[in-house]
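Step one of this worksheet: look at the structure below.
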Amino acid sequence: DQQVKQNSPSLSVQEGRISILNCDYTNSMFDYFLWYKKYPAEGPTFLISISSIKDKNEDGRFTVFLNKSAKHLSLHIVPSQPGDSAVYFCAAPDFNTGNQFYFGTGTSLTVIP
Amino acid sequence: DVKVTQSSRYLVKRTGEKVFLECVQDMDHENMFWYRQDPGLGLRLIYFSYDVKMKEKGDIPEGYSVSREKKERFSLILESASTNQTSMYLCASSFRYNSPLHFGNGTRLTVT
């Protein structure tokens, strides 16, 4: 049973436009969320996080929005660059069961030059 | 920067072989994890460890075991490799229980 879901396996965006990647979760106990970026043949790298006490967190071109009532978060990349082409995973740690992190299935972003 | 090193980038093993995947981190992190990544399934947790000699099962521990004899090293063992264990294996570590994971570059294992 997927506790963190990414329903769009892929997304294509023109360079310079906004990329919006979405993530839904089912467990209302989650209170911290992370986004990871993964290039082929490399491990995922941490990109940005958000705590449930906030509804927005920005880091340069990357902004994550959290809507707790909808159990939904999104990652916005503005402006998108070809180097942003990668697979993006959202994740949430489940504090009730210890260190376990739940990951979504990933969204493959392609930024077209 | 945290460095998580996985001993092999690519491995090819035969069905029934015992396989060892090694992972070392250099930042004195308490927690270490093994995930596998499969298309359409994302990252699934196999085992994790929050201390030396301690281990906890993740979502898919069947067919795997782990060993953590030293804080910096976490090994994943496939006791008898099967073709359905062909996958990308990712090791990760974290400083404490709610801090971001730092991943190694992965081991692409093929079982024939």
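Going through the structure tokens in order, the chains are called A, B, and so on, while each chain numbers its residues from 1 and the ligands are numbered from 1 in the order shown.
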Chain A near chain B within 10 Å: what's each residue's closest atom pair and its distance in Å to one decimal, counting only C-alpha atoms, ordered by chain then ascending residue number, as a tab-separated table?
```
residue	atom	partner	partner_atom	distance
A:Gln2	CA	B:Leu41	CA	9.4
A:Lys5	CA	B:Gly42	CA	9.7
A:Gln6	CA	B:Gly42	CA	9.5
A:Pro9	CA	B:Gly40	CA	7.8
A:Tyr32	CA	B:Asn98	CA	8.2
A:Phe33	CA	B:Pro100	CA	9.6
A:Leu34	CA	B:Pro100	CA	7.6
A:Trp35	CA	B:Pro100	CA	9.6
A:Tyr36	CA	B:Leu101	CA	9.4
A:Lys38	CA	B:Asn105	CA	9.8
A:Tyr39	CA	B:Asn105	CA	9.8
A:Pro40	CA	B:Asn105	CA	9.5
A:Ala41	CA	B:Asn105	CA	6.7
A:Glu42	CA	B:Asn105	CA	4.4
A:Gly43	CA	B:Asn105	CA	4.1
A:Pro44	CA	B:Phe103	CA	6.0
A:Thr45	CA	B:Phe103	CA	6.8
A:Phe46	CA	B:Pro100	CA	6.8
A:Leu47	CA	B:Pro100	CA	9.5
A:Ile48	CA	B:Pro100	CA	9.4
A:Ser49	CA	B:Pro100	CA	8.6
A:Phe89	CA	B:Gly42	CA	7.9
A:Cys90	CA	B:Gly42	CA	9.9
A:Ala91	CA	B:Leu43	CA	9.6
A:Ala92	CA	B:Asn98	CA	9.4
A:Pro93	CA	B:Asn98	CA	6.7
A:Asp94	CA	B:Asn98	CA	8.8
A:Phe95	CA	B:Asn98	CA	7.6
A:Gly98	CA	B:Tyr97	CA	7.1
A:Asn99	CA	B:Tyr97	CA	5.2
A:Gln100	CA	B:Gly58	CA	7.3
A:Phe101	CA	B:Leu45	CA	7.8
A:Tyr102	CA	B:Arg44	CA	7.7
A:Phe103	CA	B:Leu43	CA	5.9
A:Gly104	CA	B:Gly42	CA	5.9
A:Thr105	CA	B:Gly42	CA	3.6
A:Gly106	CA	B:Gly42	CA	5.9
A:Thr107	CA	B:Gly42	CA	9.5
```
With N, CA, C and O atoms kept, could you save the residues just selected as a compact mmCIF listing (two decimals), in the first residue's frame?
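New file part31.txt:
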```txt
# COMPACT_ATOMS: atom_id res chain seq x y z
N GLN A 2 0.83 2.01 -1.10
CA GLN A 2 1.67 3.19 -1.23
C GLN A 2 1.19 4.28 -0.28
O GLN A 2 0.06 4.73 -0.39
N LYS A 5 2.44 8.87 -2.93
CA LYS A 5 2.12 8.55 -4.32
C LYS A 5 2.49 9.69 -5.26
O LYS A 5 2.20 10.85 -4.97
N GLN A 6 3.09 9.31 -6.35
CA GLN A 6 3.32 10.26 -7.43
C GLN A 6 2.62 9.69 -8.64
O GLN A 6 3.05 8.68 -9.19
N PRO A 9 4.06 9.58 -14.00
CA PRO A 9 5.37 8.97 -14.18
C PRO A 9 6.34 9.87 -14.95
O PRO A 9 7.55 9.75 -14.78
N TYR A 32 6.75 15.73 7.88
CA TYR A 32 7.98 16.23 7.28
C TYR A 32 8.12 15.55 5.94
O TYR A 32 7.91 14.34 5.84
N PHE A 33 8.43 16.34 4.92
CA PHE A 33 8.47 15.81 3.57
C PHE A 33 9.75 16.27 2.87
O PHE A 33 10.24 17.38 3.13
N LEU A 34 10.25 15.42 2.00
CA LEU A 34 11.49 15.72 1.30
C LEU A 34 11.32 15.44 -0.18
O LEU A 34 10.53 14.58 -0.58
N TRP A 35 12.06 16.15 -0.99
CA TRP A 35 12.17 15.87 -2.42
C TRP A 35 13.62 15.50 -2.72
O TRP A 35 14.56 16.15 -2.25
N TYR A 36 13.76 14.44 -3.53
CA TYR A 36 15.05 14.00 -3.99
C TYR A 36 15.07 14.04 -5.50
O TYR A 36 14.06 13.84 -6.17
N LYS A 38 17.19 12.44 -8.89
CA LYS A 38 18.07 11.33 -9.24
C LYS A 38 18.39 11.36 -10.73
O LYS A 38 17.50 11.28 -11.57
N TYR A 39 19.69 11.41 -11.02
CA TYR A 39 20.17 11.25 -12.39
C TYR A 39 20.43 9.76 -12.63
O TYR A 39 20.70 9.00 -11.69
N PRO A 40 20.38 9.33 -13.89
CA PRO A 40 20.69 7.92 -14.19
C PRO A 40 22.08 7.54 -13.67
O PRO A 40 23.01 8.34 -13.72
N ALA A 41 22.19 6.34 -13.16
CA ALA A 41 23.48 5.78 -12.70
C ALA A 41 24.06 6.54 -11.51
O ALA A 41 25.25 6.43 -11.23
N GLU A 42 23.23 7.34 -10.85
CA GLU A 42 23.66 7.99 -9.60
C GLU A 42 22.62 7.74 -8.53
O GLU A 42 21.46 7.45 -8.83
N GLY A 43 23.04 7.90 -7.27
CA GLY A 43 22.06 7.81 -6.20
C GLY A 43 21.24 9.08 -6.10
O GLY A 43 21.65 10.14 -6.58
N PRO A 44 20.07 9.03 -5.47
CA PRO A 44 19.26 10.23 -5.27
C PRO A 44 20.01 11.24 -4.41
O PRO A 44 20.76 10.86 -3.50
N THR A 45 19.81 12.51 -4.69
CA THR A 45 20.38 13.57 -3.86
C THR A 45 19.24 14.41 -3.28
O THR A 45 18.26 14.70 -3.97
N PHE A 46 19.41 14.80 -2.05
CA PHE A 46 18.41 15.60 -1.36
C PHE A 46 18.30 16.98 -2.01
O PHE A 46 19.31 17.62 -2.32
N LEU A 47 17.05 17.41 -2.23
CA LEU A 47 16.83 18.68 -2.92
C LEU A 47 16.25 19.73 -1.98
O LEU A 47 16.81 20.81 -1.81
N ILE A 48 15.15 19.43 -1.36
CA ILE A 48 14.46 20.42 -0.53
C ILE A 48 13.48 19.68 0.38
O ILE A 48 13.04 18.58 0.04
N SER A 49 13.17 20.28 1.52
CA SER A 49 12.23 19.65 2.45
C SER A 49 11.24 20.68 2.95
O SER A 49 11.40 21.89 2.75
N PHE A 89 11.77 12.23 -6.68
CA PHE A 89 11.02 11.42 -5.73
C PHE A 89 10.60 12.29 -4.56
O PHE A 89 11.40 13.06 -4.03
N CYS A 90 9.36 12.15 -4.14
CA CYS A 90 8.99 12.73 -2.85
C CYS A 90 9.06 11.63 -1.80
O CYS A 90 8.95 10.44 -2.11
N ALA A 91 9.28 12.04 -0.56
CA ALA A 91 9.46 11.07 0.52
C ALA A 91 8.97 11.66 1.83
O ALA A 91 8.94 12.88 2.00
N ALA A 92 8.61 10.76 2.73
CA ALA A 92 8.18 11.17 4.06
C ALA A 92 8.69 10.16 5.07
O ALA A 92 8.54 8.96 4.86
N PRO A 93 9.27 10.62 6.18
CA PRO A 93 9.68 9.69 7.23
C PRO A 93 8.49 9.42 8.15
O PRO A 93 7.72 10.32 8.48
N ASP A 94 8.34 8.18 8.53
CA ASP A 94 7.27 7.80 9.44
C ASP A 94 7.84 7.72 10.85
O ASP A 94 8.49 6.74 11.20
N PHE A 95 7.61 8.74 11.66
CA PHE A 95 8.21 8.77 12.99
C PHE A 95 7.60 7.71 13.91
O PHE A 95 8.20 7.34 14.90
N GLY A 98 9.75 4.50 13.56
CA GLY A 98 11.20 4.59 13.61
C GLY A 98 11.75 5.36 12.44
O GLY A 98 11.26 6.42 12.09
N ASN A 99 12.76 4.84 11.82
CA ASN A 99 13.47 5.58 10.80
C ASN A 99 12.94 5.39 9.40
O ASN A 99 13.49 5.92 8.47
N GLN A 100 11.91 4.64 9.23
CA GLN A 100 11.48 4.29 7.88
C GLN A 100 11.05 5.51 7.09
O GLN A 100 10.27 6.33 7.56
N PHE A 101 11.57 5.60 5.88
CA PHE A 101 11.17 6.64 4.94
C PHE A 101 10.30 5.99 3.87
O PHE A 101 10.62 4.93 3.36
N TYR A 102 9.22 6.64 3.51
CA TYR A 102 8.38 6.18 2.42
C TYR A 102 8.63 7.06 1.20
O TYR A 102 8.60 8.29 1.30
N PHE A 103 8.88 6.41 0.08
CA PHE A 103 9.15 7.13 -1.16
C PHE A 103 8.01 6.93 -2.16
O PHE A 103 7.41 5.86 -2.22
N GLY A 104 7.77 7.97 -2.95
CA GLY A 104 6.89 7.83 -4.09
C GLY A 104 7.59 7.07 -5.20
O GLY A 104 8.78 6.74 -5.10
N THR A 105 6.86 6.81 -6.27
CA THR A 105 7.41 6.02 -7.38
C THR A 105 8.23 6.86 -8.35
O THR A 105 8.84 6.33 -9.26
N GLY A 106 8.23 8.18 -8.16
CA GLY A 106 9.07 9.03 -8.98
C GLY A 106 8.37 9.62 -10.18
O GLY A 106 7.44 9.01 -10.74
N THR A 107 8.79 10.82 -10.57
CA THR A 107 8.35 11.46 -11.80
C THR A 107 9.58 11.83 -12.61
O THR A 107 10.49 12.50 -12.09
```
From a backbone DSSP assignment, name each residue in chain A labelled helix (DSSP H, G or I), as a count of residues only. 6
Residue list (strand (DSSP E or B), DSSP) for chain B, as a PyMOL selection string: chain B and resi 4-6+10-13+19-25+31-38+42-49+56-57+64-70+73-78+87-94+102-103+107-111
List the spatial neighbours of B:Lys71 as a list in words - criterion: any atom at most 9 Å away, only C-alpha atoms, same-chain residues fewer than 6 positions off excluded.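 Everything that qualifies: Val24, Gln25, Asp28, His29, Glu30, Asn31, Met32, Asp51, Val52 and Lys53 of chain B.
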File of the preceding selection, all heavy atoms, as a short mmCIF file (atom, residue, chain, number, x, y, z; two decimals), in the first residue's frame:
```cif
data_model
loop_
_atom_site.label_atom_id
_atom_site.label_comp_id
_atom_site.auth_asym_id
_atom_site.auth_seq_id
_atom_site.Cartn_x
_atom_site.Cartn_y
_atom_site.Cartn_z
N VAL B 24 29.81 1.79 2.75
CA VAL B 24 30.57 2.47 3.79
C VAL B 24 30.24 3.96 3.76
O VAL B 24 30.19 4.57 2.69
CB VAL B 24 32.10 2.28 3.58
CG1 VAL B 24 32.88 3.07 4.61
CG2 VAL B 24 32.47 0.82 3.64
N GLN B 25 30.02 4.54 4.95
CA GLN B 25 29.80 6.00 5.03
C GLN B 25 30.87 6.60 5.94
O GLN B 25 31.33 5.95 6.87
CB GLN B 25 28.38 6.33 5.53
CG GLN B 25 27.96 5.61 6.79
CD GLN B 25 28.15 6.37 8.07
OE1 GLN B 25 28.60 7.52 8.07
NE2 GLN B 25 27.81 5.74 9.19
N ASP B 28 30.12 9.26 10.26
CA ASP B 28 29.73 8.85 11.61
C ASP B 28 28.22 8.87 11.82
O ASP B 28 27.73 9.16 12.93
CB ASP B 28 30.42 9.75 12.65
CG ASP B 28 30.55 9.08 14.00
OD1 ASP B 28 30.75 7.85 14.03
OD2 ASP B 28 30.44 9.78 15.03
N HIS B 29 27.48 8.58 10.77
CA HIS B 29 26.02 8.57 10.87
C HIS B 29 25.54 7.37 11.65
O HIS B 29 26.08 6.27 11.54
CB HIS B 29 25.40 8.56 9.47
CG HIS B 29 25.41 9.89 8.81
ND1 HIS B 29 24.96 10.09 7.53
CD2 HIS B 29 25.79 11.12 9.26
CE1 HIS B 29 25.06 11.37 7.21
NE2 HIS B 29 25.57 12.01 8.25
N GLU B 30 24.48 7.59 12.43
CA GLU B 30 23.92 6.50 13.23
C GLU B 30 23.14 5.51 12.36
O GLU B 30 23.16 4.33 12.58
CB GLU B 30 22.95 7.07 14.27
CG GLU B 30 23.59 8.01 15.28
CD GLU B 30 24.53 7.27 16.22
OE1 GLU B 30 24.32 6.06 16.45
OE2 GLU B 30 25.49 7.90 16.70
N ASN B 31 22.40 6.05 11.40
CA ASN B 31 21.43 5.24 10.67
C ASN B 31 21.93 4.89 9.27
O ASN B 31 22.49 5.72 8.58
CB ASN B 31 20.11 6.01 10.52
CG ASN B 31 19.58 6.49 11.85
OD1 ASN B 31 19.55 5.74 12.80
ND2 ASN B 31 19.17 7.75 11.92
N MET B 32 21.69 3.66 8.89
CA MET B 32 22.01 3.24 7.54
C MET B 32 20.87 2.39 6.99
O MET B 32 20.15 1.74 7.75
CB MET B 32 23.34 2.47 7.50
CG MET B 32 24.53 3.32 7.91
SD MET B 32 26.13 2.54 7.66
CE MET B 32 26.31 2.66 5.86
N ASP B 51 21.93 1.39 14.71
CA ASP B 51 23.09 1.29 15.60
C ASP B 51 23.87 0.03 15.22
O ASP B 51 23.33 -0.87 14.55
CB ASP B 51 22.65 1.22 17.06
CG ASP B 51 23.75 1.62 18.03
OD1 ASP B 51 24.90 1.84 17.60
OD2 ASP B 51 23.45 1.70 19.24
N VAL B 52 25.10 -0.03 15.67
CA VAL B 52 25.90 -1.21 15.41
C VAL B 52 25.18 -2.44 15.94
O VAL B 52 24.62 -2.41 17.05
CB VAL B 52 27.29 -1.06 16.05
CG1 VAL B 52 28.10 -2.34 15.89
CG2 VAL B 52 28.04 0.11 15.45
N LYS B 53 25.18 -3.48 15.15
CA LYS B 53 24.57 -4.78 15.47
C LYS B 53 23.05 -4.72 15.58
O LYS B 53 22.42 -5.72 15.92
CB LYS B 53 25.17 -5.37 16.75
CG LYS B 53 26.67 -5.68 16.63
CD LYS B 53 27.16 -6.55 17.77
CE LYS B 53 28.66 -6.74 17.72
NZ LYS B 53 29.07 -7.50 16.52
#
```
Atom-to-atom span, atom CA of B:Pro61 and atom CA of B:Ala81, Å: 13.4 Å
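Distance annotation: of B:Leu109, B:Leu11, B:Leu21, B:Ile46, the residue with the minimal separation from B:Phe74 is B:Leu21; atom set is only C-alpha atoms.
Atom CA of B:Lys55 lies 25.5 Å from atom CA of B:Thr110.
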Using only C-alpha atoms, determine which residues lie at most 8 Å from A:Val64, disregarding the query and same-chain residues fewer than 5 positions distant; provide the list as a ChimeraX atom specification. /A:48-50,56-58,73-76
Write out as number ranges by chain the residues lying within 9 Å of stretch 18-20 of chain A, counting only C-alpha atoms and excluding same-chain residues fewer than 5 positions away. A: 11-13, 74-80, 109, 111
Which residues, written as a ChimeraX atom specification, have at least one atom at most 12 Å from B:Ile77, with only C-alpha atoms counted and residues fewer than 6 positions away on the same chain left out? /B:17-23,34,46-47,61-68,85,89
Output of the above residues as a PDB file, in the first residue's frame, restricted to N, CA and C atoms:
```
ATOM      1  N   GLU B  17      23.674 -18.119  -6.116  1.00  0.00           N
ATOM      2  CA  GLU B  17      24.899 -17.625  -5.497  1.00  0.00           C
ATOM      3  C   GLU B  17      24.592 -16.774  -4.275  1.00  0.00           C
ATOM      4  N   LYS B  18      25.522 -16.739  -3.351  1.00  0.00           N
ATOM      5  CA  LYS B  18      25.437 -15.818  -2.211  1.00  0.00           C
ATOM      6  C   LYS B  18      26.121 -14.515  -2.628  1.00  0.00           C
ATOM      7  N   VAL B  19      25.417 -13.416  -2.402  1.00  0.00           N
ATOM      8  CA  VAL B  19      25.897 -12.121  -2.890  1.00  0.00           C
ATOM      9  C   VAL B  19      26.041 -11.157  -1.722  1.00  0.00           C
ATOM     10  N   PHE B  20      27.150 -10.460  -1.707  1.00  0.00           N
ATOM     11  CA  PHE B  20      27.392  -9.452  -0.681  1.00  0.00           C
ATOM     12  C   PHE B  20      27.476  -8.073  -1.343  1.00  0.00           C
ATOM     13  N   LEU B  21      26.675  -7.135  -0.856  1.00  0.00           N
ATOM     14  CA  LEU B  21      26.776  -5.749  -1.278  1.00  0.00           C
ATOM     15  C   LEU B  21      27.256  -4.934  -0.087  1.00  0.00           C
ATOM     16  N   GLU B  22      28.336  -4.199  -0.320  1.00  0.00           N
ATOM     17  CA  GLU B  22      28.956  -3.473   0.783  1.00  0.00           C
ATOM     18  C   GLU B  22      28.718  -1.977   0.656  1.00  0.00           C
ATOM     19  N   CYS B  23      28.591  -1.334   1.803  1.00  0.00           N
ATOM     20  CA  CYS B  23      28.347   0.104   1.843  1.00  0.00           C
ATOM     21  C   CYS B  23      29.118   0.699   3.015  1.00  0.00           C
ATOM     22  N   TRP B  34      19.217   0.114   3.365  1.00  0.00           N
ATOM     23  CA  TRP B  34      19.301  -0.476   2.040  1.00  0.00           C
ATOM     24  C   TRP B  34      17.931  -0.403   1.367  1.00  0.00           C
ATOM     25  N   ILE B  46      14.524  -2.241   2.226  1.00  0.00           N
ATOM     26  CA  ILE B  46      14.774  -3.652   2.498  1.00  0.00           C
ATOM     27  C   ILE B  46      15.058  -3.847   3.995  1.00  0.00           C
ATOM     28  N   TYR B  47      16.075  -3.162   4.478  1.00  0.00           N
ATOM     29  CA  TYR B  47      16.461  -3.200   5.891  1.00  0.00           C
ATOM     30  C   TYR B  47      17.051  -1.852   6.270  1.00  0.00           C
ATOM     31  N   PRO B  61      11.924  -7.455   3.184  1.00  0.00           N
ATOM     32  CA  PRO B  61      13.152  -8.096   3.673  1.00  0.00           C
ATOM     33  C   PRO B  61      13.356  -9.534   3.193  1.00  0.00           C
ATOM     34  N   GLU B  62      12.320 -10.122   2.602  1.00  0.00           N
ATOM     35  CA  GLU B  62      12.400 -11.549   2.269  1.00  0.00           C
ATOM     36  C   GLU B  62      13.517 -11.802   1.252  1.00  0.00           C
ATOM     37  N   GLY B  63      14.347 -12.766   1.560  1.00  0.00           N
ATOM     38  CA  GLY B  63      15.447 -13.136   0.670  1.00  0.00           C
ATOM     39  C   GLY B  63      16.729 -12.360   0.932  1.00  0.00           C
ATOM     40  N   TYR B  64      16.667 -11.455   1.922  1.00  0.00           N
ATOM     41  CA  TYR B  64      17.828 -10.623   2.237  1.00  0.00           C
ATOM     42  C   TYR B  64      18.161 -10.733   3.720  1.00  0.00           C
ATOM     43  N   SER B  65      19.420 -10.477   4.032  1.00  0.00           N
ATOM     44  CA  SER B  65      19.832 -10.255   5.406  1.00  0.00           C
ATOM     45  C   SER B  65      20.860  -9.127   5.393  1.00  0.00           C
ATOM     46  N   VAL B  66      21.174  -8.619   6.581  1.00  0.00           N
ATOM     47  CA  VAL B  66      22.119  -7.507   6.665  1.00  0.00           C
ATOM     48  C   VAL B  66      23.077  -7.740   7.822  1.00  0.00           C
ATOM     49  N   SER B  67      24.168  -6.983   7.779  1.00  0.00           N
ATOM     50  CA  SER B  67      25.161  -7.059   8.846  1.00  0.00           C
ATOM     51  C   SER B  67      25.712  -5.670   9.082  1.00  0.00           C
ATOM     52  N   ARG B  68      25.767  -5.303  10.365  1.00  0.00           N
ATOM     53  CA  ARG B  68      26.405  -4.031  10.729  1.00  0.00           C
ATOM     54  C   ARG B  68      27.288  -4.277  11.947  1.00  0.00           C
ATOM     55  N   GLN B  85      15.585 -10.731  -7.919  1.00  0.00           N
ATOM     56  CA  GLN B  85      16.389  -9.792  -7.150  1.00  0.00           C
ATOM     57  C   GLN B  85      17.276  -8.937  -8.057  1.00  0.00           C
ATOM     58  N   TYR B  89      20.364  -1.422  -6.339  1.00  0.00           N
ATOM     59  CA  TYR B  89      20.400  -1.396  -4.882  1.00  0.00           C
ATOM     60  C   TYR B  89      21.091  -0.111  -4.411  1.00  0.00           C
TER      61      TYR B  89
END
```
Do you have the atom CA of B:Lys3-atom CA of A:Asp84 distance handy?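 Distance reported for this atom pair: 22.5 Å.
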Excluding B:Thr83 and residues on its chain fewer than 4 positions from it, collect all residues at most 9 Å away from it, counting only C-alpha atoms, and give them as a PyMOL selection string. chain B and resi 14-15+110-112
File dump, residues just selected, all heavy atoms, as a JSON list (two decimals), in the first residue's frame:
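That gives us again_28.json:
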```json
[["chain", "number", "residue", "atom", "x", "y", "z"],
["B", 14, "ARG", "N", 24.98, -15.45, -10.64],
["B", 14, "ARG", "CA", 24.13, -16.55, -11.09],
["B", 14, "ARG", "C", 23.11, -16.90, -10.01],
["B", 14, "ARG", "O", 23.35, -16.71, -8.81],
["B", 14, "ARG", "CB", 24.98, -17.77, -11.40],
["B", 14, "ARG", "CG", 25.91, -17.58, -12.61],
["B", 14, "ARG", "CD", 26.46, -18.92, -13.07],
["B", 14, "ARG", "NE", 27.36, -18.74, -14.22],
["B", 14, "ARG", "CZ", 26.93, -18.65, -15.48],
["B", 14, "ARG", "NH1", 25.64, -18.73, -15.75],
["B", 14, "ARG", "NH2", 27.80, -18.49, -16.45],
["B", 15, "THR", "N", 22.00, -17.43, -10.44],
["B", 15, "THR", "CA", 20.96, -17.90, -9.52],
["B", 15, "THR", "C", 21.55, -18.87, -8.51],
["B", 15, "THR", "O", 22.32, -19.77, -8.89],
["B", 15, "THR", "CB", 19.85, -18.60, -10.32],
["B", 15, "THR", "OG1", 19.31, -17.68, -11.28],
["B", 15, "THR", "CG2", 18.73, -19.05, -9.40],
["B", 110, "THR", "N", 22.54, -7.81, -11.55],
["B", 110, "THR", "CA", 21.82, -8.67, -12.49],
["B", 110, "THR", "C", 22.04, -10.12, -12.06],
["B", 110, "THR", "O", 23.18, -10.55, -11.89],
["B", 110, "THR", "CB", 22.32, -8.48, -13.93],
["B", 110, "THR", "OG1", 22.17, -7.11, -14.28],
["B", 110, "THR", "CG2", 21.53, -9.35, -14.90],
["B", 111, "VAL", "N", 20.94, -10.84, -11.87],
["B", 111, "VAL", "CA", 21.01, -12.26, -11.52],
["B", 111, "VAL", "C", 20.51, -13.06, -12.71],
["B", 111, "VAL", "O", 19.37, -12.88, -13.17],
["B", 111, "VAL", "CB", 20.17, -12.56, -10.26],
["B", 111, "VAL", "CG1", 20.32, -14.04, -9.89],
["B", 111, "VAL", "CG2", 20.60, -11.68, -9.10],
["B", 112, "THR", "N", 21.37, -13.93, -13.22],
["B", 112, "THR", "CA", 21.00, -14.69, -14.43],
["B", 112, "THR", "C", 20.77, -16.16, -14.11],
["B", 112, "THR", "O", 21.21, -16.66, -13.06],
["B", 112, "THR", "CB", 22.11, -14.58, -15.48],
["B", 112, "THR", "OG1", 23.32, -15.14, -14.95],
["B", 112, "THR", "CG2", 22.37, -13.13, -15.87]]
```
